[in-house]
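Student: data-v1.txt is reproduced below (compact mmCIF, C-alpha atoms).
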```txt
# COMPACT_ATOMS: atom_id res chain seq x y z
CA LEU L 93 -8.45 -3.36 28.83
CA LEU L 94 -11.69 -1.64 27.93
CA ASP L 95 -12.40 1.33 25.66
CA ASN L 96 -8.76 2.44 25.29
CA THR L 97 -7.82 4.18 22.04
CA GLN L 98 -4.95 1.73 21.64
CA GLY L 99 -5.24 -1.23 23.97
CA ILE L 100 -1.52 -2.09 23.82
CA LYS L 101 1.02 -0.11 21.77
CA LEU L 102 4.64 -0.90 20.88
CA GLU L 103 6.55 1.55 18.72
CA ASP L 104 10.05 1.50 17.18
CA ASN L 105 12.97 -0.79 17.85
CA PHE L 106 11.35 -3.11 20.37
CA VAL L 107 12.76 -6.64 20.22
CA ASN L 108 11.87 -9.93 21.92
CA ASN L 109 8.34 -8.87 22.86
CA ILE L 110 5.65 -11.13 24.31
CA LEU L 111 2.00 -10.05 24.45
CA ARG L 112 0.05 -12.89 25.99
CA ASN L 113 -3.38 -13.61 27.50
CA ASN L 114 -4.85 -10.12 27.35
CA PHE L 115 -8.55 -9.36 27.11
CA ILE L 116 -9.18 -6.20 25.12
CA GLU L 117 -12.61 -4.84 24.23
CA ARG L 118 -13.94 -1.92 22.17
CA SER L 119 -10.71 -0.14 21.24
CA PRO L 120 -11.63 2.79 18.94
CA GLU L 121 -8.39 2.33 16.97
CA SER L 122 -6.51 -0.94 17.53
CA ALA L 123 -6.53 -3.42 20.37
CA ILE L 124 -2.87 -4.33 19.78
CA TYR L 125 -0.88 -1.74 17.82
CA LEU L 126 2.68 -2.44 16.67
CA ILE L 127 4.53 0.01 14.47
CA GLY L 128 8.15 0.22 13.41
CA ASP L 129 8.10 3.84 12.27
CA ILE L 130 11.89 4.30 12.31
CA ALA L 131 13.14 0.78 13.02
CA VAL L 132 11.45 -2.59 12.65
CA LEU L 133 9.83 -4.50 15.49
CA ASP L 134 11.68 -7.79 15.69
CA ASN L 135 10.85 -11.15 17.26
CA THR L 136 7.39 -10.56 18.71
CA LEU L 137 5.02 -13.22 20.05
CA ILE L 138 1.32 -12.32 20.26
CA GLU L 139 -0.46 -15.26 21.85
CA GLY L 140 -3.68 -16.20 23.58
CA ASN L 141 -5.34 -12.79 23.42
CA SER L 142 -9.09 -12.23 23.22
CA ILE L 143 -10.16 -9.13 21.31
CA LEU L 144 -13.78 -8.08 20.98
CA GLN L 145 -15.26 -5.33 18.83
CA GLY L 146 -13.42 -2.07 18.09
CA LYS L 147 -11.81 -0.94 14.84
CA ASN L 148 -8.80 -3.26 14.36
CA GLY L 149 -7.79 -6.30 16.35
CA ILE L 150 -4.03 -6.64 15.73
CA TYR L 151 -2.41 -3.87 13.67
CA SER L 152 1.22 -4.33 12.69
CA ILE L 153 3.55 -2.26 10.49
CA LYS L 154 7.14 -3.32 9.79
CA GLY L 155 7.06 -6.39 11.96
CA GLU L 156 9.72 -9.04 11.43
CA ASN L 157 9.86 -12.57 12.82
CA THR L 158 6.43 -12.16 14.40
CA SER L 159 4.21 -15.03 15.56
CA LEU L 160 0.46 -14.64 16.09
CA ARG L 161 -0.85 -17.77 17.78
CA ASN L 162 -4.05 -18.83 19.53
CA ASN L 163 -5.74 -15.42 19.39
CA PHE L 164 -9.51 -14.95 19.23
CA ILE L 165 -10.74 -11.81 17.47
CA ASN L 166 -14.44 -11.11 17.08
CA LYS L 167 -16.49 -8.35 15.44
CA THR L 168 -13.91 -5.69 14.55
CA TYR L 169 -15.44 -3.30 12.08
CA GLU L 170 -12.32 -2.94 9.93
CA ASN L 171 -9.76 -5.74 10.23
CA ALA L 172 -9.24 -8.59 12.66
CA ILE L 173 -5.56 -8.59 11.64
CA TYR L 174 -3.90 -5.83 9.61
CA LEU L 175 -0.33 -6.28 8.36
CA ASP L 176 1.84 -3.86 6.45
CA SER L 177 5.43 -4.61 5.36
CA SER L 178 5.53 -7.85 7.34
CA ARG L 179 8.43 -10.24 7.04
CA ASN L 180 8.80 -13.83 8.26
CA LEU L 181 5.39 -13.82 9.94
CA ILE L 182 3.52 -16.88 11.24
CA LEU L 183 -0.25 -16.96 11.80
CA GLU L 184 -1.24 -20.16 13.57
CA ASN L 185 -4.37 -21.36 15.35
CA ASN L 186 -6.14 -18.00 15.39
CA THR L 187 -9.91 -17.65 15.17
CA LEU L 188 -11.14 -14.58 13.30
CA VAL L 189 -14.88 -14.06 13.45
CA GLU L 190 -17.42 -11.64 11.95
CA SER L 191 -15.02 -8.82 11.08
CA ASN L 192 -15.00 -6.74 7.93
CA SER L 193 -11.70 -8.39 6.94
CA GLY L 194 -10.29 -11.40 8.71
CA LEU L 195 -6.77 -10.72 7.41
CA TYR L 196 -5.70 -7.63 5.47
CA ALA L 197 -2.08 -7.68 4.31
CA LYS L 198 -0.23 -5.21 2.12
CA SER L 199 3.37 -4.69 1.01
CA TYR L 200 4.42 -7.96 2.62
CA ARG L 201 7.97 -9.14 2.14
CA ASN L 202 9.81 -12.44 2.24
CA SER L 203 7.97 -15.50 3.50
CA ASN L 204 4.81 -15.22 5.56
CA LEU L 205 2.82 -18.27 6.62
CA ALA L 206 -0.77 -18.88 7.73
CA PHE L 207 -2.06 -22.32 8.74
CA HIS L 208 -4.49 -23.89 11.24
CA ASN L 209 -6.60 -20.72 11.45
CA ASN L 210 -10.40 -20.42 11.51
CA PHE L 211 -11.86 -17.73 9.25
CA ILE L 212 -15.52 -17.50 10.20
CA GLU L 213 -18.27 -15.29 8.73
CA ASN L 214 -16.07 -12.32 7.87
CA ASN L 215 -17.22 -9.98 5.10
CA GLN L 216 -13.99 -10.94 3.35
CA ASN L 217 -11.80 -13.55 4.93
CA VAL L 218 -8.53 -12.40 3.37
CA PHE L 219 -7.50 -9.37 1.34
CA LEU L 220 -3.95 -9.38 -0.03
CA THR L 221 -2.45 -6.57 -2.09
CA GLY L 222 0.24 -7.42 -4.60
CA SER L 223 1.65 -10.83 -5.49
CA SER L 224 0.59 -13.83 -3.43
CA HIS L 225 3.82 -15.82 -3.61
CA ASN L 226 5.18 -14.37 -0.35
CA PHE L 227 2.16 -15.46 1.71
CA THR L 228 1.56 -19.20 2.00
CA PHE L 229 -1.68 -20.56 3.46
CA ASN L 230 -0.68 -24.14 4.25
CA LEU L 231 2.12 -26.07 5.93
CA GLU L 232 3.01 -29.72 5.38
CA GLY L 233 -0.26 -30.43 3.61
CA GLU L 234 -2.56 -28.68 6.10
CA GLY L 235 -4.25 -25.34 5.58
CA ASN L 236 -7.04 -23.39 7.29
CA TYR L 237 -10.79 -23.53 7.87
CA TRP L 238 -13.00 -21.16 5.84
CA SER L 239 -16.66 -20.84 6.76
CA ASP L 240 -17.61 -19.88 3.18
CA PHE L 241 -15.92 -23.00 1.78
CA ASN L 242 -17.06 -25.94 3.88
CA SER L 243 -19.85 -27.57 1.88
CA ALA L 244 -20.37 -29.03 -1.57
CA SER L 245 -22.62 -26.12 -2.54
CA GLU L 246 -19.68 -23.77 -1.87
CA GLY L 247 -17.25 -25.92 -3.85
CA CYS L 248 -15.84 -27.99 -0.99
CA GLN L 249 -16.34 -31.71 -1.51
CA ASP L 250 -14.71 -34.36 0.65
CA ILE L 251 -15.32 -37.51 -1.35
CA ASN L 252 -12.61 -39.54 0.35
CA LEU L 253 -13.66 -38.32 3.83
CA ASP L 254 -10.18 -37.29 4.89
CA GLY L 255 -11.32 -34.00 6.44
CA PHE L 256 -9.96 -31.81 3.64
CA CYS L 257 -11.79 -30.23 0.75
CA ASP L 258 -10.82 -32.07 -2.42
CA GLY L 259 -9.99 -28.81 -4.20
CA PRO L 260 -8.26 -25.54 -3.26
CA TYR L 261 -9.87 -22.42 -1.84
CA PHE L 262 -9.12 -19.34 -3.95
CA PHE L 263 -9.40 -15.79 -2.68
CA ASN L 264 -8.04 -12.35 -3.50
CA HIS L 265 -4.44 -12.89 -4.75
CA GLY L 266 -4.09 -16.10 -2.76
CA VAL L 267 -4.98 -19.76 -2.41
CA ASP L 268 -5.23 -22.40 0.31
CA TYR L 269 -4.45 -25.75 -1.29
CA PHE L 270 -5.49 -27.85 1.73
CA PRO L 271 -8.59 -26.27 3.32
CA PHE L 272 -10.26 -28.12 6.18
CA VAL L 273 -13.92 -29.11 6.10
CA GLU L 274 -14.47 -28.61 9.83
CA GLU L 275 -13.61 -25.78 12.19
CA ASN L 276 -10.45 -26.74 14.11
CA GLY L 277 -10.11 -29.69 11.74
CA TRP L 278 -6.41 -30.05 12.62
CA GLU L 279 -7.46 -31.20 16.11
CA LEU L 280 -9.21 -34.19 14.59
CA SER L 281 -7.60 -37.30 13.19
CA TYR L 282 -9.05 -39.67 10.64
CA THR L 283 -9.51 -43.35 11.46
CA ASP L 284 -8.64 -45.40 8.38
CA THR L 285 -11.38 -47.92 7.64
CA PHE L 286 -12.04 -50.47 4.94
CA PHE L 287 -14.72 -52.82 3.72
CA PHE L 288 -13.11 -56.24 3.83
CA ASP L 289 -16.33 -58.10 3.05
CA ASN L 290 -19.60 -56.29 2.65
CA GLN L 291 -21.48 -59.53 3.24
CA ASP L 292 -19.87 -60.24 6.59
CA PRO L 293 -20.89 -57.75 9.30
CA GLU L 294 -17.96 -58.88 11.47
CA PHE L 295 -15.58 -57.09 9.11
CA GLU L 296 -17.77 -54.23 8.01
CA ILE L 297 -16.36 -50.92 9.28
CA ILE L 298 -18.13 -47.69 8.47
CA LEU L 299 -16.07 -45.00 6.74
CA GLY L 300 -15.81 -41.49 8.04
CA LYS L 301 -15.24 -41.92 11.76
CA TRP L 302 -13.47 -39.02 13.43
CA LYS L 303 -11.92 -38.88 16.87
CA LYS L 304 -9.94 -36.45 18.97
CA ARG L 305 -6.23 -36.55 18.31
CA ILE L 306 -4.41 -38.27 21.20
```
Re-express the file's structure as structure tokens.

Tutor:
Amino acid sequence: LLDNTQGIKLEDNFVNNILRNNFIERSPESAIYLIGDIAVLDNTLIEGNSILQGKNGIYSIKGENTSLRNNFINKTYENAIYLDSSRNLILENNTLVESNSGLYAKSYRNSNLAFHNNFIENNQNVFLTGSSHNFTFNLEGEGNYWSDFNSASEGCQDINLDGFCDGPYFFNHGVDYFPFVEENGWELSYTDTFFFDNQDPEFEIILGKWKKRI
């Protein structure tokens, strides 16, 4: 879908929607536009879409029980993902690159969750309005990757070489307590190693080896 005002639009009282594997480029408004003007949009899966340029990538108002998974959004000049009055939302394994805002969320309700996402070189990775307690940025001790928080000079140290920054990543009204050091860090697993005897090379194992998760 190329140069459409709204690439894909769902409006009012749609339930059990699946938007999957679309390629949308240069939408002047929003590549994927979901709005519950009269009634909420319930149980929507937005998965595996590639969105390039345009104004907004995914724009959702009054979405409930929505999952955004495995989407790639690059160079939108307002927001990669815009959420208003969202409820029970899951953001997982999305890559948001070089947009004005990676995630902009306002008036969110109930529990919303974001984990295993890459936020890369956005002007602001996340902008939340209001209290942060309804939007959680980690699950079971694993958070997200932030390109402006992946080195010691930016405050991310990984002294124990477990693939996580040793301290949290704070942003506007929110925090990720378990940020990853590497992009797609959740696809890597750490090989535990020890120095049994530093004088005996047979038992010397170097710390910090990473391998693909099997």

Student: Could you check the closest approach to Thr228 in chain L for each of L:Leu111, L:Leu188, L:Ile251, L:Leu181 and tell me which residue wins, using only C-alpha atoms?

Tutor: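 Smallest separation from Thr228 in chain L among the options: L:Leu181.
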
Student: Can you measure CA of Ile143 in chain L to CA of Glu121 in chain L for me? One decimal in Å is fine.

Tutor: 12.4 Å

Student: Between L:Ala172, L:Leu253, L:Cys248, L:Val107, which is the closest to Asn215 in chain L once you count only C-alpha atoms?

Tutor: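 Residue with the minimum atom-to-atom distance to Asn215 in chain L: L:Ala172.
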
Student: Kindly give the distance, in Å, that separates CA of Glu213 in chain L and CA of Tyr169 in chain L, rounded to a single decimal.

Tutor: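 These two atoms are separated by 12.8 Å.
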
Student: Tell me, counting only C-alpha atoms, for each residue of range 137-182 of chain L within 6 Å of range 189-202 of chain L, which pair of atoms is nearest and how far apart they are in Å to one decimal, in rows ordered by chain and increasing number, as a Markdown table.

Tutor:
```
| residue | atom | partner | partner_atom | distance |
| --- | --- | --- | --- | --- |
| L:Asn166 | CA | L:Val189 | CA | 4.7 |
| L:Lys167 | CA | L:Ser191 | CA | 4.6 |
| L:Thr168 | CA | L:Ser191 | CA | 4.8 |
| L:Tyr169 | CA | L:Asn192 | CA | 5.4 |
| L:Glu170 | CA | L:Asn192 | CA | 5.1 |
| L:Asn171 | CA | L:Ser193 | CA | 4.6 |
| L:Ala172 | CA | L:Gly194 | CA | 5.0 |
| L:Ile173 | CA | L:Leu195 | CA | 4.9 |
| L:Tyr174 | CA | L:Tyr196 | CA | 4.9 |
| L:Leu175 | CA | L:Ala197 | CA | 4.6 |
| L:Asp176 | CA | L:Lys198 | CA | 5.0 |
| L:Ser177 | CA | L:Tyr200 | CA | 4.4 |
| L:Ser178 | CA | L:Tyr200 | CA | 4.9 |
| L:Arg179 | CA | L:Arg201 | CA | 5.0 |
```

Student: Return the single residue from L:Asn276, L:Gly233, L:Ser122, L:Ile153 that is closest to Thr187 in chain L, with distances computed using all atoms listed in the file.

Tutor: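 Counting all atoms listed in the file, the residue closest to Thr187 in chain L is L:Asn276.
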
Student: Which of these, L:Pro260, L:Pro120, L:Gly99, L:Gly235, has the shortest distance to Ala206 in chain L once you count only C-alpha atoms?

Tutor: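 With only C-alpha atoms as the atom set, the closest residue is L:Gly235.
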
Student: Around (-2.8, -13.8, 25.5) in the file's own coordinates, what residues are found within 6 Å if you use only C-alpha atoms, given back as a list in words?

Tutor: Arg112, Asn113, Asn114, Glu139, Gly140 and Asn141 of chain L
